[in-house]
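Structure file coords01.json (JSON, C-alpha atoms) follows.
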```
[["chain", "number", "residue", "atom", "x", "y", "z"],
["A", 1, "MET", "CA", 41.63, 47.04, -68.11],
["A", 2, "HIS", "CA", 38.57, 48.95, -69.31],
["A", 3, "THR", "CA", 37.67, 48.53, -73.00],
["A", 4, "PHE", "CA", 38.26, 52.19, -73.81],
["A", 5, "SER", "CA", 41.66, 52.38, -72.12],
["A", 6, "PHE", "CA", 42.91, 49.21, -73.79],
["A", 7, "ILE", "CA", 41.78, 50.17, -77.29],
["A", 8, "ALA", "CA", 43.04, 53.74, -76.95],
["A", 9, "GLY", "CA", 46.42, 52.35, -75.94],
["A", 10, "GLN", "CA", 46.51, 50.08, -78.97],
["A", 11, "ILE", "CA", 45.60, 52.95, -81.31],
["A", 12, "GLN", "CA", 48.35, 55.06, -79.77],
["A", 13, "LYS", "CA", 50.79, 52.27, -80.64],
["A", 14, "GLY", "CA", 49.75, 52.48, -84.30],
["A", 15, "LYS", "CA", 47.18, 49.70, -84.54],
["A", 16, "SER", "CA", 44.03, 50.10, -86.62],
["A", 17, "VAL", "CA", 40.70, 50.39, -84.83],
["A", 18, "THR", "CA", 39.63, 46.93, -85.98],
["A", 19, "ARG", "CA", 42.89, 45.33, -84.86],
["A", 20, "SER", "CA", 42.62, 47.10, -81.50],
["A", 21, "PHE", "CA", 39.07, 45.82, -80.91],
["A", 22, "LEU", "CA", 40.12, 42.32, -82.00],
["A", 23, "ASN", "CA", 43.10, 42.30, -79.64],
["A", 24, "TYR", "CA", 40.77, 43.25, -76.79],
["A", 25, "ARG", "CA", 38.40, 40.40, -77.68],
["A", 26, "LEU", "CA", 41.24, 37.88, -77.83],
["A", 27, "ARG", "CA", 42.02, 38.52, -74.16],
["A", 28, "SER", "CA", 39.09, 36.23, -73.33],
["A", 29, "GLU", "CA", 40.58, 33.25, -75.19],
["A", 30, "VAL", "CA", 42.85, 30.51, -73.86],
["A", 31, "LEU", "CA", 45.26, 28.54, -76.03],
["A", 32, "SER", "CA", 45.82, 24.98, -74.88],
["A", 33, "GLY", "CA", 47.15, 21.70, -76.22],
["A", 34, "LYS", "CA", 48.45, 21.33, -79.75],
["A", 35, "THR", "CA", 47.82, 24.68, -81.43],
["A", 36, "ILE", "CA", 48.49, 26.05, -84.93],
["A", 37, "ASP", "CA", 48.20, 29.59, -86.23],
["A", 38, "ILE", "CA", 47.13, 29.44, -89.88],
["A", 39, "GLY", "CA", 48.22, 32.36, -92.06],
["A", 40, "GLY", "CA", 49.55, 34.52, -89.24],
["A", 41, "GLY", "CA", 53.13, 34.81, -90.44],
["A", 42, "THR", "CA", 55.86, 34.67, -87.82],
["A", 43, "GLY", "CA", 55.67, 36.35, -84.45],
["A", 44, "ALA", "CA", 52.05, 37.48, -84.82],
["A", 45, "GLY", "CA", 51.46, 40.17, -82.22],
["A", 46, "TYR", "CA", 47.95, 39.03, -81.34],
["A", 47, "ILE", "CA", 49.17, 35.79, -79.74],
["A", 48, "LYS", "CA", 50.34, 37.62, -76.62],
["A", 49, "PHE", "CA", 46.80, 38.80, -75.86],
["A", 50, "MET", "CA", 45.51, 35.25, -75.35],
["A", 51, "ASP", "CA", 46.22, 33.24, -72.21],
["A", 52, "SER", "CA", 48.38, 30.14, -72.64],
["A", 53, "ALA", "CA", 47.77, 26.90, -70.77],
["A", 54, "ALA", "CA", 50.72, 24.96, -69.36],
["A", 55, "ASN", "CA", 50.27, 22.24, -72.00],
["A", 56, "LEU", "CA", 50.43, 24.62, -74.99],
["A", 57, "ASP", "CA", 52.35, 23.23, -77.97],
["A", 58, "PHE", "CA", 52.37, 26.10, -80.48],
["A", 59, "THR", "CA", 53.31, 26.23, -84.15],
["A", 60, "THR", "CA", 52.56, 28.41, -87.18],
["A", 61, "PHE", "CA", 51.83, 27.72, -90.83],
["A", 62, "ASP", "CA", 52.02, 30.34, -93.56],
["A", 63, "PRO", "CA", 53.25, 30.28, -97.18],
["A", 64, "ARG", "CA", 55.06, 33.55, -96.39],
["A", 65, "ASN", "CA", 57.28, 31.53, -94.07],
["A", 66, "GLY", "CA", 58.30, 29.23, -96.90],
["A", 67, "ASP", "CA", 55.59, 26.63, -96.21],
["A", 68, "GLU", "CA", 54.67, 25.40, -99.67],
["A", 69, "VAL", "CA", 50.92, 25.07, -99.96],
["A", 70, "ASN", "CA", 48.23, 26.79, -101.98],
["A", 71, "PHE", "CA", 45.35, 27.71, -99.70],
["A", 72, "GLU", "CA", 43.08, 27.81, -102.75],
["A", 73, "THR", "CA", 43.49, 24.16, -103.73],
["A", 74, "ASP", "CA", 45.87, 22.19, -101.49],
["A", 75, "ALA", "CA", 45.21, 20.20, -98.36],
["A", 76, "LEU", "CA", 46.78, 21.62, -95.23],
["A", 77, "PRO", "CA", 49.80, 19.49, -94.27],
["A", 78, "ALA", "CA", 48.26, 17.77, -91.28],
["A", 79, "ALA", "CA", 46.22, 14.65, -90.64],
["A", 80, "ASP", "CA", 42.56, 14.75, -89.71],
["A", 81, "ASN", "CA", 41.86, 15.69, -86.08],
["A", 82, "THR", "CA", 45.41, 16.88, -85.34],
["A", 83, "TYR", "CA", 45.03, 20.16, -83.43],
["A", 84, "ASP", "CA", 43.27, 21.13, -80.21],
["A", 85, "THR", "CA", 43.17, 24.77, -81.33],
["A", 86, "VAL", "CA", 43.39, 26.33, -84.78],
["A", 87, "ILE", "CA", 43.87, 30.11, -84.97],
["A", 88, "PHE", "CA", 42.42, 31.51, -88.20],
["A", 89, "LEU", "CA", 42.45, 35.31, -88.05],
["A", 90, "ASN", "CA", 42.25, 37.73, -91.00],
["A", 91, "VAL", "CA", 42.88, 35.06, -93.63],
["A", 92, "MET", "CA", 39.60, 34.25, -95.38],
["A", 93, "GLU", "CA", 39.27, 37.60, -97.16],
["A", 94, "HIS", "CA", 42.49, 36.76, -99.04],
["A", 95, "ILE", "CA", 41.26, 33.33, -100.25],
["A", 96, "PHE", "CA", 38.98, 33.09, -103.28],
["A", 97, "ASN", "CA", 38.16, 29.41, -102.65],
["A", 98, "TYR", "CA", 37.01, 30.16, -99.09],
["A", 99, "GLN", "CA", 34.96, 26.98, -98.65],
["A", 100, "HIS", "CA", 37.98, 24.81, -99.37],
["A", 101, "VAL", "CA", 40.17, 26.49, -96.77],
["A", 102, "MET", "CA", 37.38, 26.45, -94.16],
["A", 103, "ASN", "CA", 36.85, 22.74, -94.80],
["A", 104, "GLU", "CA", 40.58, 22.16, -94.30],
["A", 105, "VAL", "CA", 40.71, 24.16, -91.08],
["A", 106, "VAL", "CA", 37.83, 22.14, -89.66],
["A", 107, "ARG", "CA", 39.35, 18.86, -90.89],
["A", 108, "ILE", "CA", 42.62, 19.31, -88.98],
["A", 109, "THR", "CA", 40.83, 20.32, -85.77],
["A", 110, "LYS", "CA", 40.36, 17.56, -83.20],
["A", 111, "LYS", "CA", 36.95, 16.46, -82.06],
["A", 112, "ASP", "CA", 35.98, 18.84, -79.23],
["A", 113, "GLY", "CA", 38.79, 21.13, -80.41],
["A", 114, "GLN", "CA", 38.29, 24.79, -81.25],
["A", 115, "VAL", "CA", 38.81, 27.20, -84.14],
["A", 116, "ILE", "CA", 39.35, 30.85, -83.18],
["A", 117, "GLY", "CA", 38.66, 33.01, -86.22],
["A", 118, "PHE", "CA", 38.06, 36.55, -87.41],
["A", 119, "VAL", "CA", 37.21, 38.26, -90.69],
["A", 120, "PRO", "CA", 37.09, 42.02, -91.30],
["A", 121, "PHE", "CA", 33.93, 43.58, -92.66],
["A", 122, "LEU", "CA", 34.46, 47.35, -92.79],
["A", 123, "MET", "CA", 37.96, 47.42, -94.25],
["A", 124, "TRP", "CA", 39.91, 49.10, -97.03],
["A", 125, "TYR", "CA", 41.46, 47.09, -99.84],
["A", 126, "HIS", "CA", 44.51, 45.27, -98.43],
["A", 127, "PRO", "CA", 46.07, 42.70, -100.80],
["A", 128, "ASP", "CA", 48.26, 39.97, -99.33],
["A", 129, "HIS", "CA", 48.74, 38.85, -102.06],
["A", 130, "SER", "CA", 45.10, 39.42, -103.04],
["A", 131, "ASP", "CA", 41.97, 40.73, -101.34],
["A", 132, "TYR", "CA", 38.67, 39.18, -102.45],
["A", 133, "PHE", "CA", 35.81, 39.29, -99.94],
["A", 134, "ARG", "CA", 34.03, 40.89, -97.00],
["A", 135, "TYR", "CA", 31.79, 38.45, -95.10],
["A", 136, "THR", "CA", 28.55, 39.08, -93.24],
["A", 137, "HIS", "CA", 27.46, 36.92, -90.30],
["A", 138, "GLU", "CA", 24.98, 35.24, -92.65],
["A", 139, "ALA", "CA", 27.71, 34.28, -95.10],
["A", 140, "LEU", "CA", 29.92, 32.94, -92.29],
["A", 141, "GLU", "CA", 27.07, 30.85, -90.93],
["A", 142, "LYS", "CA", 26.58, 29.19, -94.32],
["A", 143, "ILE", "CA", 30.32, 28.62, -94.86],
["A", 144, "ILE", "CA", 30.88, 27.12, -91.42],
["A", 145, "THR", "CA", 27.77, 24.95, -91.65],
["A", 146, "ALA", "CA", 28.84, 23.70, -95.09],
["A", 147, "ALA", "CA", 32.10, 22.55, -93.46],
["A", 148, "GLY", "CA", 30.06, 20.11, -91.35],
["A", 149, "VAL", "CA", 30.07, 22.16, -88.14],
["A", 150, "THR", "CA", 27.02, 22.45, -85.90],
["A", 151, "HIS", "CA", 28.47, 24.18, -82.81],
["A", 152, "PHE", "CA", 29.76, 27.69, -83.43],
["A", 153, "GLU", "CA", 29.32, 31.31, -82.39],
["A", 154, "ILE", "CA", 29.61, 34.43, -84.57],
["A", 155, "GLU", "CA", 30.09, 37.71, -82.77],
["A", 156, "PRO", "CA", 30.05, 41.18, -84.37],
["A", 157, "VAL", "CA", 33.01, 43.33, -83.37],
["A", 158, "GLN", "CA", 31.71, 46.89, -83.33],
["A", 159, "LYS", "CA", 30.90, 49.97, -81.31],
["A", 160, "GLY", "CA", 28.76, 52.11, -83.58],
["A", 161, "LEU", "CA", 28.55, 54.58, -86.46],
["A", 162, "PHE", "CA", 31.13, 57.05, -85.19],
["A", 163, "ILE", "CA", 33.80, 54.44, -84.44],
["A", 164, "ALA", "CA", 33.15, 52.88, -87.86],
["A", 165, "ALA", "CA", 33.67, 56.25, -89.54],
["A", 166, "PHE", "CA", 36.78, 56.96, -87.45],
["A", 167, "HIS", "CA", 38.21, 53.55, -88.32],
["A", 168, "MET", "CA", 38.30, 54.43, -92.01],
["A", 169, "LYS", "CA", 40.25, 57.62, -91.30],
["A", 170, "CYS", "CA", 42.36, 56.62, -88.30],
["A", 171, "LEU", "CA", 45.61, 55.58, -89.97],
["A", 172, "ALA", "CA", 45.57, 58.68, -92.20],
["A", 173, "LEU", "CA", 45.74, 60.94, -89.13],
["A", 174, "PRO", "CA", 48.97, 61.95, -87.38],
["A", 175, "ARG", "CA", 49.45, 59.58, -84.45],
["A", 176, "LEU", "CA", 49.13, 62.42, -81.91],
["A", 177, "LEU", "CA", 45.57, 63.10, -83.11],
["A", 178, "ARG", "CA", 44.32, 59.51, -83.21],
["A", 179, "VAL", "CA", 43.46, 59.01, -79.56],
["A", 180, "PRO", "CA", 41.67, 62.39, -79.17],
["A", 181, "PHE", "CA", 39.53, 61.69, -82.24],
["A", 182, "PHE", "CA", 38.95, 58.12, -81.07],
["A", 183, "SER", "CA", 37.80, 59.43, -77.67],
["A", 184, "LEU", "CA", 35.22, 61.68, -79.32],
["A", 185, "ALA", "CA", 33.92, 58.88, -81.55],
["A", 186, "TYR", "CA", 33.78, 56.41, -78.63],
["A", 187, "ALA", "CA", 31.87, 58.91, -76.46],
["A", 188, "ALA", "CA", 29.42, 59.66, -79.27],
["A", 189, "ASP", "CA", 28.67, 55.97, -79.85],
["A", 190, "THR", "CA", 28.28, 55.38, -76.11],
["A", 191, "LEU", "CA", 25.72, 58.21, -75.96],
["A", 192, "VAL", "CA", 23.85, 56.82, -78.97],
["A", 193, "SER", "CA", 23.72, 53.36, -77.37],
["A", 194, "VAL", "CA", 22.11, 54.87, -74.26],
["A", 195, "VAL", "CA", 19.50, 56.79, -76.26],
["A", 196, "LYS", "CA", 18.78, 54.00, -78.77],
["A", 197, "LYS", "CA", 18.63, 50.79, -76.77],
["A", 198, "ASN", "CA", 18.57, 47.40, -78.54],
["A", 199, "ASN", "CA", 20.06, 48.97, -81.66],
["A", 200, "PRO", "CA", 21.03, 46.06, -83.97],
["A", 201, "PRO", "CA", 24.65, 45.99, -85.17],
["A", 202, "LYS", "CA", 24.93, 47.79, -88.51],
["A", 203, "TYR", "CA", 28.39, 49.35, -88.44],
["A", 204, "VAL", "CA", 30.40, 46.20, -87.96],
["A", 205, "LEU", "CA", 34.19, 46.32, -88.07],
["A", 206, "GLY", "CA", 34.42, 42.55, -88.42],
["A", 207, "TYR", "CA", 33.17, 39.21, -87.14],
["A", 208, "PHE", "CA", 34.82, 37.06, -84.52],
["A", 209, "PHE", "CA", 33.83, 33.42, -84.76],
["A", 210, "LYS", "CA", 34.52, 30.39, -82.61],
["A", 211, "ILE", "CA", 33.94, 26.84, -83.75],
["A", 212, "VAL", "CA", 33.78, 23.79, -81.49],
["A", 213, "LYS", "CA", 34.09, 20.66, -83.58]]
```
Could you express the structure from this file as structure tokens?
Amino acid sequence: MHTFSFIAGQIQKGKSVTRSFLNYRLRSEVLSGKTIDIGGGTGAGYIKFMDSAANLDFTTFDPRNGDEVNFETDALPAADNTYDTVIFLNVMEHIFNYQHVMNEVVRITKKDGQVIGFVPFLMWYHPDHSDYFRYTHEALEKIITAAGVTHFEIEPVQKGLFIAAFHMKCLALPRLLRVPFFSLAYAADTLVSVVKKNNPPKYVLGYFFKIVK
């Protein structure tokens, strides 16, 4: 499905612009082997957008599910090198001690395993239970490197100025108006990208990152 059609469909269903772009990006990922979703609650909707290998063994971990752990200070309840895949989406902005939780996520990932992560950048205040940070790609690079990782990719999730502006207003609009306004913003950013080639990402919705341990 074309990027525009997919994201417009997600917005029509009530998703934010950032969540819609993230769900589109997740379609390129494959979950395999022993996999844990950290901080995703129960029944996280984004899981269905990723392909699942036949050997997938999936579990979740989240204090909201009754799992007793403090992400700020406690070790995650798993041995070193336990998981083939760790899903770590939209969690770090809610953790003040972000280096600790990143270290823990990397620790429980197997050698040659992967961490699939995302942090929002352009986002309103959204406590759960708290909301502390917005990370740039430079901050993420330092945090991931400090966790002892050398192989990782950080990818800006963005379209342009008009989509960024629309994102901040989208959920305040009646649902019937969201897709028409999104279409105008998407078309405007597409035109700008044609006129201004090699325009560096400035209006970033968030950063997708992938770690290979």
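With only C-alpha atoms as the atoms that count, the residue of A:Thr85, A:Tyr207, A:His2, A:Arg107 with the shortest distance to Asp37 (chain A) is A:Thr85.
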At what distance in Å, to one decimal, does CA of Leu177 (chain A) lie from CA of Lys159 (chain A)?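 Computed distance, CA of Lys159 (chain A) to CA of Leu177 (chain A), equals 19.8 Å.
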Contact residues around Phe162 (chain A) with only C-alpha atoms at 8 Å, ignoring same-chain residues under 6 positions, as a PyMOL selection string: chain A and resi 185-186+188-189
Using C-alpha atoms, can you export the residues from the last selection as a JSON list (two decimals), in the coordinates of the input?
```json
[["chain", "number", "residue", "atom", "x", "y", "z"],
["A", 185, "ALA", "CA", 33.92, 58.88, -81.55],
["A", 186, "TYR", "CA", 33.78, 56.41, -78.63],
["A", 188, "ALA", "CA", 29.42, 59.66, -79.27],
["A", 189, "ASP", "CA", 28.67, 55.97, -79.85]]
```
Which residue of A:Asn23, A:Thr190, A:Gln158, A:Asn65 approaches Leu205 (chain A) most closely, using all atoms listed in the file: A:Gln158
Minimum-distance residue to Ile87 (chain A), chosen among A:Val179, A:Val115, A:Ala75, A:Leu140 (using only C-alpha atoms): A:Val115
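Shell of Phe4 (chain A) at 9 Å, with all atoms listed in the file counted and residues fewer than 4 places along the chain excluded, is Ala8, Gly9, Ser183 and Tyr186 of chain A.
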Restricting the output to C-alpha atoms, write the selected residues as a PDB file, keeping the file's coordinate frame.
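Ended up saving to selection19.pdb:
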```
ATOM      1  CA  ALA A   8      43.040  53.740 -76.950  1.00  0.00           C
ATOM      2  CA  GLY A   9      46.420  52.350 -75.940  1.00  0.00           C
ATOM      3  CA  SER A 183      37.800  59.430 -77.670  1.00  0.00           C
ATOM      4  CA  TYR A 186      33.780  56.410 -78.630  1.00  0.00           C
TER       5      TYR A 186
END
```
Go through A:Ala165, A:Ala78, A:Val212, A:Ile47 and flag the residue nearest Leu26 (chain A), using all atoms listed in the file for the distances.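 For Leu26 (chain A), the nearest of the given residues is A:Ile47.
With distances taken over all atoms listed in the file, A:Arg134 is the one residue among A:Arg134, A:Lys111, A:His151, A:Lys169 lying closest to Val204 (chain A).
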Which protein, DNA or RNA residues have an atom at most 12 Å from (41.1, 37.6, -103.6), counting only C-alpha atoms? List them as a list of chain:residue names.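 Every residue inside that radius is included here: A:Phe71, A:Glu72, A:Val91, A:Met92, A:Glu93, A:His94, A:Ile95, A:Phe96, A:Asn97, A:Tyr98, A:Tyr125, A:His126, A:Pro127, A:Asp128, A:His129, A:Ser130, A:Asp131, A:Tyr132, A:Phe133, A:Arg134.
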Using only C-alpha atoms, the residue out of A:Lys13, A:Lys202, A:Lys210, A:Lys34 with shortest distance to Phe118 (chain A) is A:Lys210
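Interatomic distance, CA of Asp80 (chain A) to CA of Thr109 (chain A): 7.0 Å.
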For CA of Arg64 (chain A) and CA of Gly41 (chain A), quote the distance in Å rounded to one decimal.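 It comes out at 6.4 Å.
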